[in-house]
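Containing mmCIF, C-alpha atoms: entry.cif.
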data_target
loop_
_atom_site.label_atom_id
_atom_site.label_comp_id
_atom_site.auth_asym_id
_atom_site.auth_seq_id
_atom_site.Cartn_x
_atom_site.Cartn_y
_atom_site.Cartn_z
CA MET A 1 43.53 10.56 -17.11
CA ALA A 2 47.18 11.53 -16.70
CA LYS A 3 47.81 15.25 -16.40
CA ILE A 4 50.40 17.59 -17.82
CA GLY A 5 52.05 20.12 -15.51
CA ARG A 6 51.51 23.72 -16.56
CA PHE A 7 50.97 27.15 -15.06
CA LYS A 8 47.36 27.88 -14.12
CA ASN A 9 47.29 30.99 -16.27
CA GLU A 10 49.45 33.12 -18.55
CA HIS A 11 49.89 35.90 -16.01
CA THR A 12 51.44 33.51 -13.46
CA ARG A 13 53.72 32.03 -16.12
CA ARG A 14 54.99 35.44 -17.21
CA GLU A 15 55.56 36.59 -13.63
CA PHE A 16 57.37 33.37 -12.77
CA LEU A 17 59.68 33.69 -15.77
CA ARG A 18 60.33 37.36 -14.94
CA VAL A 19 61.48 36.56 -11.40
CA TYR A 20 63.36 33.48 -12.62
CA ALA A 21 65.35 35.72 -14.99
CA GLU A 22 66.17 38.10 -12.13
CA LEU A 23 67.43 35.21 -10.00
CA GLU A 24 69.82 34.00 -12.67
CA SER A 25 72.24 36.58 -11.27
CA LEU A 26 72.63 34.31 -8.19
CA TRP A 27 74.43 31.69 -10.28
CA PRO A 28 78.08 32.18 -9.35
CA LEU A 29 79.69 30.86 -12.53
CA PRO A 30 79.62 31.51 -16.27
CA ALA A 31 76.85 29.34 -17.67
CA THR A 32 75.27 28.21 -20.90
CA THR A 33 71.74 26.88 -21.24
CA SER A 34 70.10 24.45 -23.63
CA GLU A 35 66.61 23.23 -24.40
CA LEU A 36 66.58 19.46 -24.86
CA GLU A 37 63.72 17.73 -26.65
CA THR A 38 62.43 14.64 -24.84
CA THR A 39 59.40 12.39 -25.15
CA PHE A 40 57.80 14.37 -22.32
CA GLY A 41 58.59 17.89 -23.50
CA THR A 42 61.43 20.38 -23.64
CA THR A 43 63.90 20.32 -20.74
CA HIS A 44 65.84 23.45 -19.81
CA VAL A 45 69.39 22.69 -18.58
CA ARG A 46 72.03 25.03 -17.15
CA ARG A 47 75.69 24.05 -17.63
CA SER A 48 78.80 25.38 -15.88
CA GLY A 49 82.35 24.36 -15.14
CA SER A 50 85.13 22.60 -16.99
CA GLY A 51 87.45 19.67 -16.50
CA ALA A 52 87.72 16.03 -17.49
CA ALA A 53 86.27 14.53 -14.28
CA VAL A 54 82.92 12.71 -14.52
CA PRO A 55 80.13 15.31 -14.88
CA VAL A 56 77.47 15.92 -12.24
CA VAL A 57 73.73 16.22 -12.87
CA LEU A 58 71.73 18.01 -10.16
CA LEU A 59 68.02 17.32 -9.52
CA HIS A 60 66.17 19.95 -7.50
CA GLN A 61 63.50 19.96 -4.80
CA VAL A 62 59.76 20.73 -4.93
CA GLY A 63 59.21 24.42 -5.55
CA GLY A 64 62.76 24.77 -6.79
CA ASN A 65 64.45 24.63 -10.16
CA GLY A 66 67.95 24.28 -11.56
CA LEU A 67 68.93 27.66 -10.13
CA SER A 68 68.36 26.28 -6.63
CA TRP A 69 71.83 24.72 -6.80
CA HIS A 70 73.55 28.11 -6.95
CA ILE A 71 74.58 27.74 -3.31
CA VAL A 72 76.92 24.80 -4.09
CA ALA A 73 77.47 25.17 -7.85
CA GLU A 74 80.95 26.66 -7.56
CA ARG A 75 82.18 23.91 -5.26
CA PHE A 76 80.73 21.12 -7.42
CA ALA A 77 82.16 22.63 -10.63
CA ALA A 78 85.71 23.06 -9.32
CA ASP A 79 87.08 20.23 -11.47
CA ARG A 80 84.21 19.15 -13.70
CA ILE A 81 81.12 20.20 -15.66
CA ILE A 82 77.81 20.37 -13.82
CA HIS A 83 74.33 20.27 -15.35
CA ALA A 84 71.25 21.58 -13.54
CA PRO A 85 67.96 20.79 -15.32
CA ASP A 86 64.54 22.17 -14.50
CA THR A 87 62.73 18.89 -13.89
CA ILE A 88 59.95 18.21 -16.38
CA GLY A 89 56.47 18.56 -14.88
CA THR A 90 57.56 21.19 -12.31
CA ALA A 91 57.64 24.99 -12.31
CA GLY A 92 60.60 26.20 -14.35
CA ARG A 93 61.69 26.84 -17.91
CA SER A 94 61.04 23.25 -18.97
CA VAL A 95 57.77 22.71 -20.84
CA GLN A 96 55.91 19.42 -20.39
CA THR A 97 53.91 18.24 -23.41
CA ALA A 98 53.21 14.58 -22.58
CA PRO A 99 52.15 12.96 -19.30
CA VAL A 100 54.56 11.24 -16.93
CA THR A 101 52.58 8.15 -15.99
CA GLY A 102 54.95 6.43 -13.56
CA GLU A 103 58.43 5.88 -12.26
CA ARG A 104 59.74 4.35 -15.47
CA ASP A 105 58.71 7.51 -17.30
CA ILE A 106 60.79 9.59 -14.90
CA ALA A 107 63.74 7.29 -15.55
CA ALA A 108 63.08 7.51 -19.30
CA TRP A 109 63.04 11.31 -19.09
CA LEU A 110 66.35 11.27 -17.22
CA ARG A 111 67.88 8.91 -19.79
CA GLU A 112 66.79 11.19 -22.61
CA VAL A 113 68.28 14.22 -20.82
CA LEU A 114 71.60 12.40 -20.47
CA ASP A 115 71.44 11.39 -24.12
CA GLY A 116 70.65 14.95 -25.16
CA LEU A 117 73.63 16.23 -23.17
CA GLY A 118 75.87 13.58 -24.71
CA LEU A 119 76.73 12.09 -21.32
CA ASP A 120 77.48 8.38 -21.07
CA ARG A 121 78.06 8.36 -17.31
CA VAL A 122 77.45 10.89 -14.55
CA HIS A 123 77.29 11.47 -10.83
CA LEU A 124 73.64 12.09 -9.95
CA VAL A 125 72.81 14.34 -6.98
CA GLY A 126 69.23 14.97 -5.87
CA TYR A 127 67.73 16.99 -3.05
CA SER A 128 64.34 16.20 -1.46
CA HIS A 129 61.94 15.40 -4.33
CA GLY A 130 64.99 15.37 -6.59
CA ALA A 131 66.51 12.69 -4.35
CA TRP A 132 63.51 10.51 -5.20
CA HIS A 133 64.17 11.04 -8.90
CA ALA A 134 67.86 10.27 -8.34
CA ALA A 135 66.91 7.05 -6.53
CA LEU A 136 64.87 6.05 -9.58
CA GLY A 137 67.95 6.70 -11.68
CA ALA A 138 69.91 4.30 -9.48
CA LEU A 139 67.17 1.68 -9.88
CA HIS A 140 66.59 1.97 -13.61
CA LEU A 141 69.78 3.52 -15.08
CA PRO A 142 72.67 2.04 -13.08
CA GLU A 143 74.83 1.70 -16.17
CA ARG A 144 74.76 5.49 -16.62
CA LEU A 145 75.73 6.41 -13.05
CA ALA A 146 79.16 6.62 -11.45
CA SER A 147 77.45 7.43 -8.13
CA VAL A 148 74.21 8.71 -6.66
CA THR A 149 73.79 11.15 -3.76
CA LEU A 150 70.41 11.51 -2.05
CA VAL A 151 70.04 14.57 0.15
CA GLU A 152 66.98 14.47 2.42
CA PRO A 153 65.10 11.74 0.52
CA GLY A 154 61.70 11.90 2.22
CA GLY A 155 59.55 8.79 1.88
CA VAL A 156 62.24 6.69 0.16
CA PHE A 157 63.71 4.73 3.09
CA THR A 158 61.14 5.57 5.79
CA LYS A 159 57.69 7.08 5.68
CA PRO A 160 57.08 10.54 7.19
CA LYS A 161 55.06 10.47 10.40
CA ALA A 162 51.30 10.82 10.00
CA SER A 163 51.41 13.93 12.19
CA VAL A 164 53.84 15.55 9.75
CA LEU A 165 51.64 14.75 6.77
CA LEU A 166 48.61 16.12 8.57
CA LYS A 167 50.42 19.36 9.38
CA MET A 168 51.50 19.70 5.74
CA LEU A 169 47.89 19.23 4.72
CA GLY A 170 46.87 21.89 7.22
CA PHE A 171 49.29 24.38 5.71
CA GLY A 172 47.90 23.57 2.28
CA LEU A 173 44.33 24.15 3.39
CA ARG A 174 45.19 27.54 4.91
CA GLY A 175 46.08 28.93 1.50
CA LYS A 176 48.92 30.84 -0.11
CA SER A 177 49.30 33.89 2.09
CA ASP A 178 52.84 35.08 2.77
CA LYS A 179 52.35 34.45 6.47
CA ASN A 180 51.24 30.86 5.95
CA MET A 181 54.04 30.13 3.48
CA ARG A 182 56.71 31.55 5.75
CA ALA A 183 55.35 29.57 8.70
CA MET A 184 55.46 26.37 6.67
CA MET A 185 59.01 27.02 5.46
CA GLU A 186 60.23 27.80 8.98
CA TRP A 187 58.58 24.63 10.31
CA LEU A 188 59.92 22.37 7.55
CA ALA A 189 63.39 23.93 7.21
CA PRO A 190 64.19 25.92 10.35
CA GLY A 191 67.24 28.11 10.16
CA VAL A 192 67.00 28.60 6.40
CA THR A 193 66.43 32.10 5.08
CA VAL A 194 65.63 33.00 1.49
CA SER A 195 65.77 36.34 -0.29
CA PRO A 196 62.55 38.22 -1.10
CA ARG A 197 62.95 37.30 -4.78
CA GLU A 198 63.48 33.61 -3.98
CA PHE A 199 60.39 33.70 -1.78
CA GLU A 200 58.42 35.34 -4.58
CA LEU A 201 59.48 32.65 -7.04
CA ALA A 202 58.53 29.87 -4.61
CA LYS A 203 55.11 31.46 -4.18
CA LEU A 204 54.61 31.76 -7.94
CA ALA A 205 55.59 28.09 -8.28
CA LEU A 206 52.42 27.24 -6.37
CA GLY A 207 50.59 28.35 -9.49
CA PHE A 208 52.02 25.32 -11.29
CA PRO A 209 50.33 22.07 -10.19
CA MET A 210 53.00 19.40 -10.56
CA ALA A 211 52.34 16.34 -12.71
CA ILE A 212 55.25 14.06 -11.90
CA GLY A 213 54.15 12.08 -8.85
CA TRP A 214 55.55 11.67 -5.35
CA ALA A 215 58.09 9.45 -3.65
CA ARG A 216 57.20 6.05 -2.30
CA LEU A 217 58.88 3.71 0.13
CA LEU A 218 61.33 1.50 -1.75
CA LYS A 219 60.94 -2.21 -1.05
CA ASP A 220 63.77 -4.27 0.44
CA PRO A 221 64.55 -6.12 -2.84
CA GLU A 222 64.70 -2.78 -4.64
CA LEU A 223 67.22 -1.45 -2.14
CA ARG A 224 69.31 -4.60 -2.48
CA SER A 225 69.27 -4.20 -6.26
CA ILE A 226 70.95 -0.78 -6.10
CA THR A 227 74.61 -1.40 -6.86
CA VAL A 228 75.53 2.19 -7.73
CA PRO A 229 77.81 3.76 -5.07
CA ALA A 230 75.41 5.77 -2.89
CA LEU A 231 75.63 8.55 -0.33
CA VAL A 232 72.55 9.45 1.71
CA VAL A 233 72.49 12.74 3.64
CA TYR A 234 70.00 13.72 6.36
CA GLY A 235 69.53 16.51 8.82
CA GLY A 236 69.29 14.92 12.25
CA ASP A 237 66.10 16.84 13.04
CA THR A 238 64.45 16.39 9.64
CA LEU A 239 60.68 16.02 9.52
CA VAL A 240 60.51 14.11 6.23
CA ALA A 241 62.18 10.91 7.48
CA ASP A 242 63.49 9.04 10.49
CA PRO A 243 67.28 9.24 10.00
CA ALA A 244 68.06 6.54 12.57
CA ALA A 245 65.59 4.07 11.09
CA ALA A 246 66.70 4.95 7.56
CA THR A 247 70.34 4.38 8.52
CA ARG A 248 69.51 0.94 9.91
CA ARG A 249 67.53 0.00 6.79
CA ILE A 250 70.27 1.20 4.47
CA ALA A 251 72.92 -0.71 6.44
CA GLU A 252 70.85 -3.88 6.22
CA HIS A 253 70.01 -3.74 2.51
CA MET A 254 72.66 -1.42 1.00
CA PRO A 255 75.81 -2.37 2.95
CA HIS A 256 78.11 -0.44 0.65
CA ALA A 257 76.13 2.82 0.86
CA GLU A 258 77.29 5.69 3.06
CA VAL A 259 75.01 7.72 5.34
CA GLU A 260 75.81 11.13 6.80
CA VAL A 261 73.53 12.67 9.44
CA TYR A 262 74.05 16.29 10.50
CA SER A 263 72.95 16.71 14.09
CA GLY A 264 70.65 19.63 14.84
CA LYS A 265 69.85 20.32 11.18
CA GLY A 266 66.49 19.97 9.47
CA HIS A 267 65.19 19.36 5.97
CA GLY A 268 67.14 22.39 4.78
CA VAL A 269 70.50 20.89 5.78
CA LEU A 270 72.08 21.63 2.40
CA MET A 271 71.12 25.32 2.63
CA GLN A 272 72.05 25.53 6.32
CA GLU A 273 75.51 24.03 5.82
CA PRO A 274 76.36 24.37 2.11
CA ASP A 275 80.12 24.37 2.70
CA GLU A 276 80.22 21.33 4.97
CA VAL A 277 77.58 19.28 3.14
CA GLY A 278 78.88 20.36 -0.26
CA ALA A 279 82.41 19.33 0.66
CA ARG A 280 81.17 15.94 1.88
CA ILE A 281 79.39 15.30 -1.41
CA VAL A 282 82.41 16.38 -3.44
CA ARG A 283 84.68 14.00 -1.49
CA PHE A 284 82.28 11.14 -2.17
CA ILE A 285 82.02 12.01 -5.86
CA ARG A 286 85.78 12.17 -6.29
CA GLN A 287 86.17 8.77 -4.63
CA HIS A 288 84.04 7.30 -7.41
CA ASP A 289 85.31 9.21 -10.41
CA ARG A 290 87.48 6.24 -11.35
CA VAL A 291 84.41 4.02 -11.56
CA GLY A 292 83.05 6.25 -14.29
CA ALA A 293 86.39 6.59 -16.03
CA ASP A 294 86.94 2.83 -16.20
CA ALA A 295 83.46 2.00 -17.47
#
Using structure tokens, write down the structure from this file.
Amino acid sequence: MAKIGRFKNEHTRREFLRVYAELESLWPLPATTSELETTFGTTHVRRSGSGAAVPVVLLHQVGGNGLSWHIVAERFAADRIIHAPDTIGTAGRSVQTAPVTGERDIAAWLREVLDGLGLDRVHLVGYSHGAWHAALGALHLPERLASVTLVEPGGVFTKPKASVLLKMLGFGLRGKSDKNMRAMMEWLAPGVTVSPREFELAKLALGFPMAIGWARLLKDPELRSITVPALVVYGGDTLVADPAAATRRIAEHMPHAEVEVYSGKGHGVLMQEPDEVGARIVRFIRQHDRVGADA
């Protein structure tokens, strides 16, 4: 039976929302929020920026939420409106009420979010788990996308090594102590530091079992079917993929896609180099604004 993502108890939900509210001060721009009704529940979306350029929709990582994009929000919103939803079925202000039973449901949720925002065409940017959701957008909603950017898309182009999966499992079995969580974060995203409040929110997010599935390896015909302009970003030392093998596979099946690999960076490449990576994404987006404008 399909599950619905929710906090394990009311205390965890209240504590999560309390810390979430405190972290809203990290958002560097004036913002408005909305609650969009979808088939799968209510989706909380944060909006900032102004300008006539094609809007950007940002899809966050596991354990994150729309606020996670605060580190690059100002750069992305320099000449356009950006929208940062809390993905349905994950810890955040969105409230899931119906199960997400597969990839087409994720695409349907995304379509309904775009409809609710009144957006005909957008640039879609996803990080980690959000990159998987963005890839599904490219597969199932190409007519709504001016471009798609996938930052650290684990499991989409290459599978993580078995040793990496086993180590992740080991961290999970050792529980939710601060020591174990910090060790896992340092292993997965070395060089990335988070504030005490951000760490607290990530820990509270563990009290929300997700109900939205995990990435899978896209098949060759699926990759060839993606016609949306695409940028794929990896840290050269990432643990969630093999950047060299992914680059070869993308070149073979998505010849018009662009790949950027940042040497010496890990899964947290966006947080390690927000200025450099953010600027690269903005350049790519601006190159494809005309596609959206002409459609």
Residue by residue, what does the PyMOL selection byres ((chain A and resi 125) around 6) grab here? Present the result as a VMD selection string.
chain A and resid 58 124 126 148 to 149
Using the chain letters and numbers from the file, give me the residues hit by the PyMOL selection byres ((chain A and resi 141) around 12), as a PDB file with C-alpha atoms, in the frame of the given file.
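Output saved as selection-v8.pdb:
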ATOM      1  CA  GLU A 103      58.430   5.880 -12.260  1.00  0.00           C
ATOM      2  CA  ARG A 104      59.740   4.350 -15.470  1.00  0.00           C
ATOM      3  CA  ASP A 105      58.710   7.510 -17.300  1.00  0.00           C
ATOM      4  CA  ILE A 106      60.790   9.590 -14.900  1.00  0.00           C
ATOM      5  CA  ALA A 107      63.740   7.290 -15.550  1.00  0.00           C
ATOM      6  CA  ALA A 108      63.080   7.510 -19.300  1.00  0.00           C
ATOM      7  CA  TRP A 109      63.040  11.310 -19.090  1.00  0.00           C
ATOM      8  CA  LEU A 110      66.350  11.270 -17.220  1.00  0.00           C
ATOM      9  CA  ARG A 111      67.880   8.910 -19.790  1.00  0.00           C
ATOM     10  CA  GLU A 112      66.790  11.190 -22.610  1.00  0.00           C
ATOM     11  CA  LEU A 114      71.600  12.400 -20.470  1.00  0.00           C
ATOM     12  CA  ASP A 120      77.480   8.380 -21.070  1.00  0.00           C
ATOM     13  CA  ARG A 121      78.060   8.360 -17.310  1.00  0.00           C
ATOM     14  CA  VAL A 122      77.450  10.890 -14.550  1.00  0.00           C
ATOM     15  CA  HIS A 123      77.290  11.470 -10.830  1.00  0.00           C
ATOM     16  CA  LEU A 124      73.640  12.090  -9.950  1.00  0.00           C
ATOM     17  CA  HIS A 133      64.170  11.040  -8.900  1.00  0.00           C
ATOM     18  CA  ALA A 134      67.860  10.270  -8.340  1.00  0.00           C
ATOM     19  CA  ALA A 135      66.910   7.050  -6.530  1.00  0.00           C
ATOM     20  CA  LEU A 136      64.870   6.050  -9.580  1.00  0.00           C
ATOM     21  CA  GLY A 137      67.950   6.700 -11.680  1.00  0.00           C
ATOM     22  CA  ALA A 138      69.910   4.300  -9.480  1.00  0.00           C
ATOM     23  CA  LEU A 139      67.170   1.680  -9.880  1.00  0.00           C
ATOM     24  CA  HIS A 140      66.590   1.970 -13.610  1.00  0.00           C
ATOM     25  CA  PRO A 142      72.670   2.040 -13.080  1.00  0.00           C
ATOM     26  CA  GLU A 143      74.830   1.700 -16.170  1.00  0.00           C
ATOM     27  CA  ARG A 144      74.760   5.490 -16.620  1.00  0.00           C
ATOM     28  CA  LEU A 145      75.730   6.410 -13.050  1.00  0.00           C
ATOM     29  CA  ALA A 146      79.160   6.620 -11.450  1.00  0.00           C
ATOM     30  CA  SER A 147      77.450   7.430  -8.130  1.00  0.00           C
ATOM     31  CA  VAL A 148      74.210   8.710  -6.660  1.00  0.00           C
ATOM     32  CA  SER A 225      69.270  -4.200  -6.260  1.00  0.00           C
ATOM     33  CA  ILE A 226      70.950  -0.780  -6.100  1.00  0.00           C
ATOM     34  CA  THR A 227      74.610  -1.400  -6.860  1.00  0.00           C
ATOM     35  CA  VAL A 228      75.530   2.190  -7.730  1.00  0.00           C
TER      36      VAL A 228
END
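Restricting the calculation to all atoms listed in the file, the smallest distance between Met271 (chain A) and any of A:Thr87, A:Thr193, A:Gln61, A:Thr43 is found for A:Thr193.
Distance-wise, CA of Val156 (chain A) and CA of Trp132 (chain A) end up 6.7 Å apart.
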Might you pull out every residue within 10 Å of Gly155 (chain A), with all atoms listed in the file counted and same-chain residues fewer than 5 positions away left off, and present them as a PyMOL selection string?
chain A and resi 128-129+132+160-161+214-218+240-242+246
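Here CA of Leu270 (chain A) and CA of Glu222 (chain A) stand 26.5 Å from one another.
One distance worth recording is that between CA of Leu26 (chain A) and CA of Ala53 (chain A), which is 24.8 Å.
Near (55.0, 33.7, -14.9), the residues inside the 12 Å limit, counting all atoms listed in the file, come to A:Arg6, A:Phe7, A:Lys8, A:Asn9, A:Glu10, A:His11, A:Thr12, A:Arg13, A:Arg14, A:Glu15, A:Phe16, A:Leu17, A:Arg18, A:Val19, A:Tyr20, A:Ala21, A:Ala91, A:Gly92, A:Arg93, A:Glu200, A:Leu201, A:Ala202, A:Lys203, A:Leu204, A:Ala205, A:Leu206, A:Gly207, A:Phe208.
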For those residues, write C-alpha atoms to a file as a PDB file, in the frame of the given file.
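This is the output file selection.pdb:
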ATOM      1  CA  ARG A   6      51.510  23.720 -16.560  1.00  0.00           C
ATOM      2  CA  PHE A   7      50.970  27.150 -15.060  1.00  0.00           C
ATOM      3  CA  LYS A   8      47.360  27.880 -14.120  1.00  0.00           C
ATOM      4  CA  ASN A   9      47.290  30.990 -16.270  1.00  0.00           C
ATOM      5  CA  GLU A  10      49.450  33.120 -18.550  1.00  0.00           C
ATOM      6  CA  HIS A  11      49.890  35.900 -16.010  1.00  0.00           C
ATOM      7  CA  THR A  12      51.440  33.510 -13.460  1.00  0.00           C
ATOM      8  CA  ARG A  13      53.720  32.030 -16.120  1.00  0.00           C
ATOM      9  CA  ARG A  14      54.990  35.440 -17.210  1.00  0.00           C
ATOM     10  CA  GLU A  15      55.560  36.590 -13.630  1.00  0.00           C
ATOM     11  CA  PHE A  16      57.370  33.370 -12.770  1.00  0.00           C
ATOM     12  CA  LEU A  17      59.680  33.690 -15.770  1.00  0.00           C
ATOM     13  CA  ARG A  18      60.330  37.360 -14.940  1.00  0.00           C
ATOM     14  CA  VAL A  19      61.480  36.560 -11.400  1.00  0.00           C
ATOM     15  CA  TYR A  20      63.360  33.480 -12.620  1.00  0.00           C
ATOM     16  CA  ALA A  21      65.350  35.720 -14.990  1.00  0.00           C
ATOM     17  CA  ALA A  91      57.640  24.990 -12.310  1.00  0.00           C
ATOM     18  CA  GLY A  92      60.600  26.200 -14.350  1.00  0.00           C
ATOM     19  CA  ARG A  93      61.690  26.840 -17.910  1.00  0.00           C
ATOM     20  CA  GLU A 200      58.420  35.340  -4.580  1.00  0.00           C
ATOM     21  CA  LEU A 201      59.480  32.650  -7.040  1.00  0.00           C
ATOM     22  CA  ALA A 202      58.530  29.870  -4.610  1.00  0.00           C
ATOM     23  CA  LYS A 203      55.110  31.460  -4.180  1.00  0.00           C
ATOM     24  CA  LEU A 204      54.610  31.760  -7.940  1.00  0.00           C
ATOM     25  CA  ALA A 205      55.590  28.090  -8.280  1.00  0.00           C
ATOM     26  CA  LEU A 206      52.420  27.240  -6.370  1.00  0.00           C
ATOM     27  CA  GLY A 207      50.590  28.350  -9.490  1.00  0.00           C
ATOM     28  CA  PHE A 208      52.020  25.320 -11.290  1.00  0.00           C
TER      29      PHE A 208
END
Ranking A:Met184, A:Gln272, A:Val57, A:Val259 by minimum distance to Gly170 (chain A) and counting all atoms listed in the file, which one comes first?
A:Met184
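Among A:Ile88, A:Leu231, A:Ala162, A:Val192, the residue with the shortest atom-to-atom distance to Ile250 (chain A), counting only C-alpha atoms, is A:Leu231.
When all atoms listed in the file are used to measure the gap to Pro190 (chain A), the shortest distance among A:Arg174, A:Lys167, A:Arg248, A:His267 belongs to A:His267.
With all atoms listed in the file as the basis for measurement, A:Ala77 is the residue among A:Ala77, A:Val62, A:Ala98, A:Lys159 that approaches Ala31 (chain A) most closely.
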I'd like to see the residues matched by the PyMOL selection byres ((chain A and resi 4) around 10) on this file, and ideally I'd get them as number ranges by chain.
A: 1-3, 5-7, 40-41, 88-90, 95-101, 209-212
Proximity of region 18-100 of chain A to region 273-279 of chain A: per-residue shortest pair, 8 Å limit, only C-alpha atoms, as a Markdown table:
| residue | atom | partner | partner_atom | distance |
| --- | --- | --- | --- | --- |
| A:Ile71 | CA | A:Pro274 | CA | 6.6 |
| A:Val72 | CA | A:Gly278 | CA | 6.2 |
| A:Arg75 | CA | A:Gly278 | CA | 7.0 |
| A:Phe76 | CA | A:Gly278 | CA | 7.4 |
Close residues, Arg46 (chain A) itself excluded, 9 Å, all atoms listed in the file, min 2 positions apart in chain, as an MDAnalysis selection string
chainID A and resid 31:34 44 48 66:67 82:86
Contact residues around Glu74 (chain A) with only C-alpha atoms at 8 Å, ignoring same-chain residues under 4 positions, as a list of chain:residue names:
A:Pro28, A:Leu29, A:His70, A:Ala78
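Closest to Pro153 (chain A) among A:His60, A:Met181, A:Leu173, A:Asp79 is A:His60, based on all atoms listed in the file.
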